[in-house]
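Next up, model_12.cif (mmCIF, C-alpha atoms and all ligand atoms):
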data_protein
loop_
_atom_site.label_atom_id
_atom_site.label_comp_id
_atom_site.auth_asym_id
_atom_site.auth_seq_id
_atom_site.Cartn_x
_atom_site.Cartn_y
_atom_site.Cartn_z
CA MET I 1 107.00 79.64 102.77
CA ASN I 2 106.64 81.66 105.91
CA THR I 3 106.16 85.36 105.24
CA THR I 4 104.89 87.86 107.77
CA VAL I 5 103.14 90.84 106.21
CA ASP I 6 102.33 94.05 108.04
CA THR I 7 101.01 97.41 106.89
CA ILE I 8 101.73 100.86 108.28
CA VAL I 9 99.41 103.67 107.18
CA ALA I 10 100.79 107.14 107.89
CA PRO I 11 98.69 110.31 107.79
CA ASP I 12 100.69 111.86 104.93
CA SER I 13 103.66 111.19 102.67
CA ARG I 14 106.14 112.94 104.99
CA LYS I 15 105.15 110.69 107.86
CA ALA I 16 105.25 107.65 105.57
CA CYS I 17 108.84 108.52 104.63
CA GLN I 18 109.64 108.85 108.33
CA ALA I 19 108.06 105.47 109.08
CA ALA I 20 110.10 103.86 106.28
CA ALA I 21 113.27 105.57 107.55
CA ASP I 22 112.51 104.16 111.01
CA VAL I 23 112.27 100.67 109.54
CA LEU I 24 115.53 101.18 107.63
CA ARG I 25 117.33 102.38 110.77
CA ASP I 26 115.98 99.48 112.84
CA THR I 27 116.85 96.94 110.14
CA VAL I 28 120.44 98.16 109.96
CA ARG I 29 120.86 98.31 113.72
CA ALA I 30 119.43 94.82 114.21
CA ALA I 31 121.69 93.29 111.55
CA VAL I 32 124.75 95.06 112.93
CA ALA I 33 123.91 93.89 116.46
CA SER I 34 123.46 90.30 115.33
CA VAL I 35 126.11 89.78 112.63
CA GLY I 36 128.23 92.94 112.69
CA GLY I 37 127.07 94.40 109.37
CA ALA I 38 124.05 95.13 107.21
CA SER I 39 123.38 94.83 103.49
CA LEU I 40 120.52 96.81 101.98
CA ALA I 41 119.13 97.26 98.49
CA ILE I 42 117.31 100.52 97.81
CA SER I 43 115.20 101.77 94.90
CA GLY I 44 114.88 104.76 92.66
CA GLY I 45 111.92 106.75 91.44
CA ALA I 46 110.47 109.77 93.18
CA THR I 47 108.90 108.27 96.31
CA PRO I 48 112.00 107.06 98.20
CA ARG I 49 113.72 110.42 97.83
CA GLY I 50 111.73 111.79 100.76
CA MET I 51 113.00 108.94 102.91
CA HIS I 52 116.54 109.17 101.57
CA ARG I 53 116.77 112.87 102.40
CA LEU I 54 115.85 112.15 106.01
CA LEU I 55 118.70 109.67 106.42
CA ALA I 56 121.45 112.29 106.34
CA ARG I 57 119.68 114.40 108.98
CA PRO I 58 118.97 114.10 112.70
CA PRO I 59 117.83 111.89 114.28
CA TYR I 60 118.63 109.21 111.64
CA VAL I 61 122.12 110.30 110.72
CA ALA I 62 123.53 109.56 114.19
CA ALA I 63 121.39 106.47 114.77
CA ILE I 64 122.60 104.49 111.76
CA PRO I 65 126.01 102.78 112.01
CA TRP I 66 127.01 103.88 108.51
CA GLY I 67 130.44 102.28 108.58
CA ARG I 68 128.82 98.85 108.88
CA LEU I 69 126.31 99.33 106.08
CA HIS I 70 126.66 98.13 102.49
CA LEU I 71 124.29 99.73 100.00
CA PHE I 72 123.11 98.12 96.78
CA TRP I 73 120.33 99.02 94.33
CA ALA I 74 117.20 97.01 93.50
CA ASP I 75 117.38 98.47 90.01
CA GLU I 76 119.14 101.09 87.96
CA ARG I 77 118.59 102.93 84.72
CA LEU I 78 121.61 102.61 82.40
CA VAL I 79 122.40 106.30 82.25
CA GLY I 80 125.45 108.12 83.64
CA TYR I 81 125.46 108.70 87.40
CA GLU I 82 125.24 112.44 86.75
CA ASP I 83 122.04 112.01 84.74
CA PRO I 84 118.88 113.12 86.63
CA ALA I 85 117.40 109.66 85.91
CA SER I 86 120.20 107.81 87.72
CA ASN I 87 119.01 106.05 90.87
CA TYR I 88 122.51 106.00 92.35
CA GLY I 89 123.02 109.66 91.38
CA ALA I 90 119.80 110.62 93.17
CA ALA I 91 120.74 108.69 96.32
CA ARG I 92 124.21 110.25 96.30
CA ALA I 93 122.64 113.72 96.10
CA ASP I 94 119.97 112.91 98.68
CA PHE I 95 122.08 111.35 101.43
CA ILE I 96 125.18 109.35 100.55
CA GLY I 97 127.20 112.43 99.58
CA SER I 98 126.44 114.28 102.80
CA LEU I 99 126.97 111.63 105.46
CA PRO I 100 129.54 112.38 108.16
CA GLN I 101 130.92 108.85 107.76
CA ALA I 102 131.08 106.96 104.46
CA PRO I 103 129.05 103.74 104.34
CA GLY I 104 131.06 100.53 104.70
CA GLY I 105 130.37 99.93 101.01
CA VAL I 106 128.46 101.63 98.22
CA HIS I 107 127.77 99.30 95.30
CA PRO I 108 126.02 101.12 92.46
CA VAL I 109 125.00 99.13 89.39
CA PRO I 110 127.71 99.59 86.74
CA VAL I 111 126.21 101.56 83.86
CA HIS I 112 128.95 101.97 81.27
CA GLY I 113 128.17 99.14 78.87
CA ASP I 114 125.31 97.08 77.53
CA GLY I 115 122.59 95.80 79.83
CA LYS I 116 123.53 92.12 79.80
CA ALA I 117 127.16 92.82 80.57
CA MET I 118 126.24 95.27 83.35
CA ALA I 119 123.78 92.77 84.86
CA LEU I 120 126.51 90.10 84.94
CA LEU I 121 129.03 92.48 86.49
CA TYR I 122 126.51 93.46 89.15
CA GLU I 123 125.72 89.84 89.89
CA GLU I 124 129.44 89.21 90.41
CA GLU I 125 129.69 92.21 92.73
CA ILE I 126 126.74 90.99 94.80
CA GLY I 127 128.10 87.43 94.92
CA LYS I 128 131.52 88.65 96.04
CA HIS I 129 130.02 90.74 98.82
CA PHE I 130 127.95 87.91 100.26
CA ARG I 131 130.70 85.30 99.83
CA GLN I 132 132.97 87.50 101.94
CA ARG I 133 130.33 87.12 104.64
CA ASP I 134 130.15 83.34 104.11
CA HIS I 135 126.71 83.52 102.53
CA LEU I 136 126.72 81.37 99.41
CA GLU I 137 123.35 82.76 98.38
CA PRO I 138 122.77 86.49 98.83
CA ASP I 139 120.22 87.44 101.46
CA PHE I 140 119.79 91.17 101.93
CA ASP I 141 118.89 92.30 105.43
CA GLY I 142 116.52 94.81 103.88
CA VAL I 143 115.19 95.62 100.42
CA PHE I 144 113.31 98.91 99.98
CA LEU I 145 110.98 98.92 96.99
CA GLY I 146 108.52 101.23 95.27
CA LEU I 147 105.41 100.44 93.27
CA GLY I 148 104.48 101.69 89.81
CA SER I 149 100.85 102.33 88.82
CA ASP I 150 101.08 99.33 86.46
CA GLY I 151 102.13 97.06 89.34
CA HIS I 152 105.85 96.98 88.56
CA THR I 153 108.45 97.05 91.25
CA ALA I 154 112.22 97.41 90.91
CA SER I 155 112.42 97.08 87.07
CA LEU I 156 110.17 94.01 87.01
CA PHE I 157 107.56 95.15 84.49
CA PRO I 158 104.29 93.39 83.58
CA ALA I 159 104.72 90.69 80.91
CA SER I 160 108.52 90.97 80.93
CA PRO I 161 110.41 87.69 80.30
CA VAL I 162 112.54 88.60 83.32
CA LEU I 163 109.58 87.72 85.56
CA SER I 164 110.26 84.03 84.94
CA GLU I 165 113.98 84.21 85.74
CA GLN I 166 114.58 81.77 88.56
CA ARG I 167 118.33 81.36 88.63
CA ARG I 168 120.10 84.63 87.89
CA TRP I 169 120.06 87.36 90.53
CA THR I 170 120.18 90.23 88.05
CA ALA I 171 118.80 90.86 84.57
CA ALA I 172 118.89 93.43 81.83
CA VAL I 173 115.52 94.85 80.87
CA ARG I 174 114.07 97.74 78.93
CA GLY I 175 111.00 99.74 79.89
CA GLY I 176 109.47 102.00 82.47
CA GLU I 177 109.60 105.74 82.73
CA PRO I 178 112.07 106.84 81.49
CA ASP I 179 111.97 104.06 78.88
CA VAL I 180 115.67 103.17 78.94
CA GLU I 181 117.76 100.07 79.35
CA ARG I 182 117.94 98.98 82.98
CA VAL I 183 119.39 96.37 85.29
CA THR I 184 117.10 94.88 87.90
CA LEU I 185 117.38 92.39 90.70
CA THR I 186 115.14 89.37 90.07
CA TYR I 187 112.73 87.47 92.30
CA ALA I 188 115.49 84.88 92.77
CA ILE I 189 117.39 87.32 94.99
CA LEU I 190 114.70 89.74 96.15
CA ASN I 191 112.63 87.00 97.77
CA ARG I 192 115.66 85.79 99.73
CA ALA I 193 115.69 89.06 101.71
CA ARG I 194 115.05 89.01 105.45
CA ARG I 195 112.86 92.06 105.18
CA ILE I 196 111.18 93.77 102.26
CA VAL I 197 109.63 97.20 102.61
CA PHE I 198 107.35 98.82 100.04
CA LEU I 199 107.04 102.60 100.41
CA VAL I 200 104.06 103.86 98.40
CA THR I 201 102.40 107.26 98.61
CA GLY I 202 99.80 109.34 96.79
CA GLU I 203 96.28 108.83 95.47
CA SER I 204 97.57 107.87 92.01
CA LYS I 205 98.74 104.59 93.59
CA ALA I 206 95.53 103.81 95.53
CA ALA I 207 94.04 101.49 92.88
CA VAL I 208 97.21 99.49 92.32
CA VAL I 209 97.84 99.19 96.08
CA ARG I 210 94.35 97.75 96.45
CA HIS I 211 94.94 95.34 93.57
CA VAL I 212 98.32 94.16 94.84
CA LEU I 213 97.20 93.73 98.43
CA THR I 214 93.75 92.26 97.93
CA ASP I 215 93.60 90.42 94.61
CA ALA I 216 94.30 86.78 95.25
CA SER I 217 95.64 85.89 91.78
CA PRO I 218 99.19 87.20 91.52
CA VAL I 219 99.26 88.78 88.07
CA LEU I 220 101.13 91.98 88.83
CA PRO I 221 104.92 91.86 89.30
CA ALA I 222 104.76 93.35 92.81
CA GLN I 223 102.42 90.56 93.93
CA ARG I 224 105.18 88.01 93.46
CA ILE I 225 107.44 89.74 95.96
CA ARG I 226 107.25 87.42 98.90
CA PRO I 227 110.33 86.94 101.09
CA HIS I 228 110.57 83.14 101.56
CA ALA I 229 111.45 83.32 105.21
CA GLY I 230 111.15 86.96 106.03
CA ARG I 231 108.96 89.88 106.79
CA MET I 232 107.26 92.20 104.37
CA THR I 233 106.10 95.65 105.41
CA TRP I 234 103.92 98.00 103.38
CA VAL I 235 104.39 101.63 104.34
CA LEU I 236 101.59 103.73 102.83
CA ASP I 237 100.23 107.19 103.28
CA ARG I 238 96.50 107.63 103.73
CA ALA I 239 96.03 108.60 100.07
CA ALA I 240 97.68 105.41 98.79
CA ALA I 241 95.68 103.34 101.30
CA ALA I 242 92.38 105.05 100.46
CA MET I 243 90.91 102.09 98.55
CA LEU I 244 91.77 99.49 101.16
CA GLU I 245 89.06 98.38 103.53
CA ASN I 246 89.57 97.94 107.26
CA ILE I 247 92.56 100.25 107.37
CA ASP I 248 92.42 103.62 109.14
C1 LIG N 301 112.87 102.76 89.21
C2 LIG N 301 112.24 102.11 90.40
C3 LIG N 301 110.79 101.75 90.29
C4 LIG N 301 110.03 102.71 91.19
C5 LIG N 301 108.56 102.77 90.84
C6 LIG N 301 107.82 103.82 91.63
O1 LIG N 301 114.05 102.98 89.25
O2 LIG N 301 112.15 103.08 88.25
O3 LIG N 301 113.01 101.48 91.28
O4 LIG N 301 110.43 100.46 90.57
O5 LIG N 301 110.18 102.33 92.53
O6 LIG N 301 108.45 103.07 89.47
O7 LIG N 301 108.36 105.05 91.27
P1 LIG N 301 107.84 106.42 91.87
O8 LIG N 301 108.25 106.44 93.30
O9 LIG N 301 108.55 107.47 91.06
O10 LIG N 301 106.36 106.43 91.67
#
For the file at hand, write its structure as structure tokens.
Amino acid sequence: MNTTVDTIVAPDSRKACQAAADVLRDTVRAAVASVGGASLAISGGATPRGMHRLLARPPYVAAIPWGRLHLFWADERLVGYEDPASNYGAARADFIGSLPQAPGGVHPVPVHGDGKAMALLYEEEIGKHFRQRDHLEPDFDGVFLGLGSDGHTASLFPASPVLSEQRRWTAAVRGGEPDVERVTLTYAILNRARRIVFLVTGESKAAVVRHVLTDASPVLPAQRIRPHAGRMTWVLDRAAAAMLENID
């Protein structure tokens, strides 16, 4: 395993969102320059919305080759896309719906059915996308994740049986806030990404950030995110980084 880990600490949450948007832009541009297209998985929750809103505005909107970008989701709540809890619905409102050029592909998690069936459908959709690019195993160019105060990421919750899934790329799961049925990507696909970015802000996350980044025994779900042959970047604001030592 050969993972590079770096940490960016921004003075406040707005600057952290900007730093994460910079990484997203650079990840897309690098993938497009090297293989002609980029595949990203993004997350829901409140934190990424600040970054998402920047993407449809200058300078990001003109700097991202939207037509070459395929967007997927690291997890989704099984509610209608119009529901305020929908991760796809939020991203559509925050940037996808107001881009001057539609992305090359937008692949929301299907939500009209039971969790297991939706997870299988999403796995097929992901497999089809990467097979068309001659990748037998999916390897996202970038995965953008958040962190819950209990150490969950995507919809990988503590003590969930899904944490031991090693073969399937997607799984149905229940939990989180809101406590609804969800579909999540699993470690089996997340850790194949070329780059994983955690965006975490606010003092309510300071303790869990410290735990995830400094506790050697990986007990929290986010601690098992480790791109096998890629780079992992933590983008924090000062409040979320407050309990880390040796970080300004
Ligand atoms: C979800 C998420 C989830 C989220 C964290 C942090 O859809 O619930 O993808 O993993 O990233 O719960 O959420 P906040 O940014 O709202 O704190």
query = So which residues are close to (111.5, 103.9, 81.1), meaning at most 12 Å away in the file's coordinates with only C-alpha atoms counted, and can you show them as a ChimeraX atom specification?
reply = /I:45,75-79,85-86,148,152,154-157,173-183
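For the pair atom O5 of ligand LIG 301 (chain N) and atom CA of I:His112, the interatomic distance is 21.9 Å.
The shortest atom-to-atom distance to I:Ile189, with all atoms listed in the file taken into account, belongs to I:Glu137 out of I:Asp150, I:Asp237, I:Glu203, I:Glu137.
Between atom CA of I:Phe95 and atom CA of I:Leu55 the separation is 6.3 Å.
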message = Please report the interatomic distance between atom CA of I:His107 and atom CA of I:Glu125 in Å with one decimal.
response = 7.8 Å
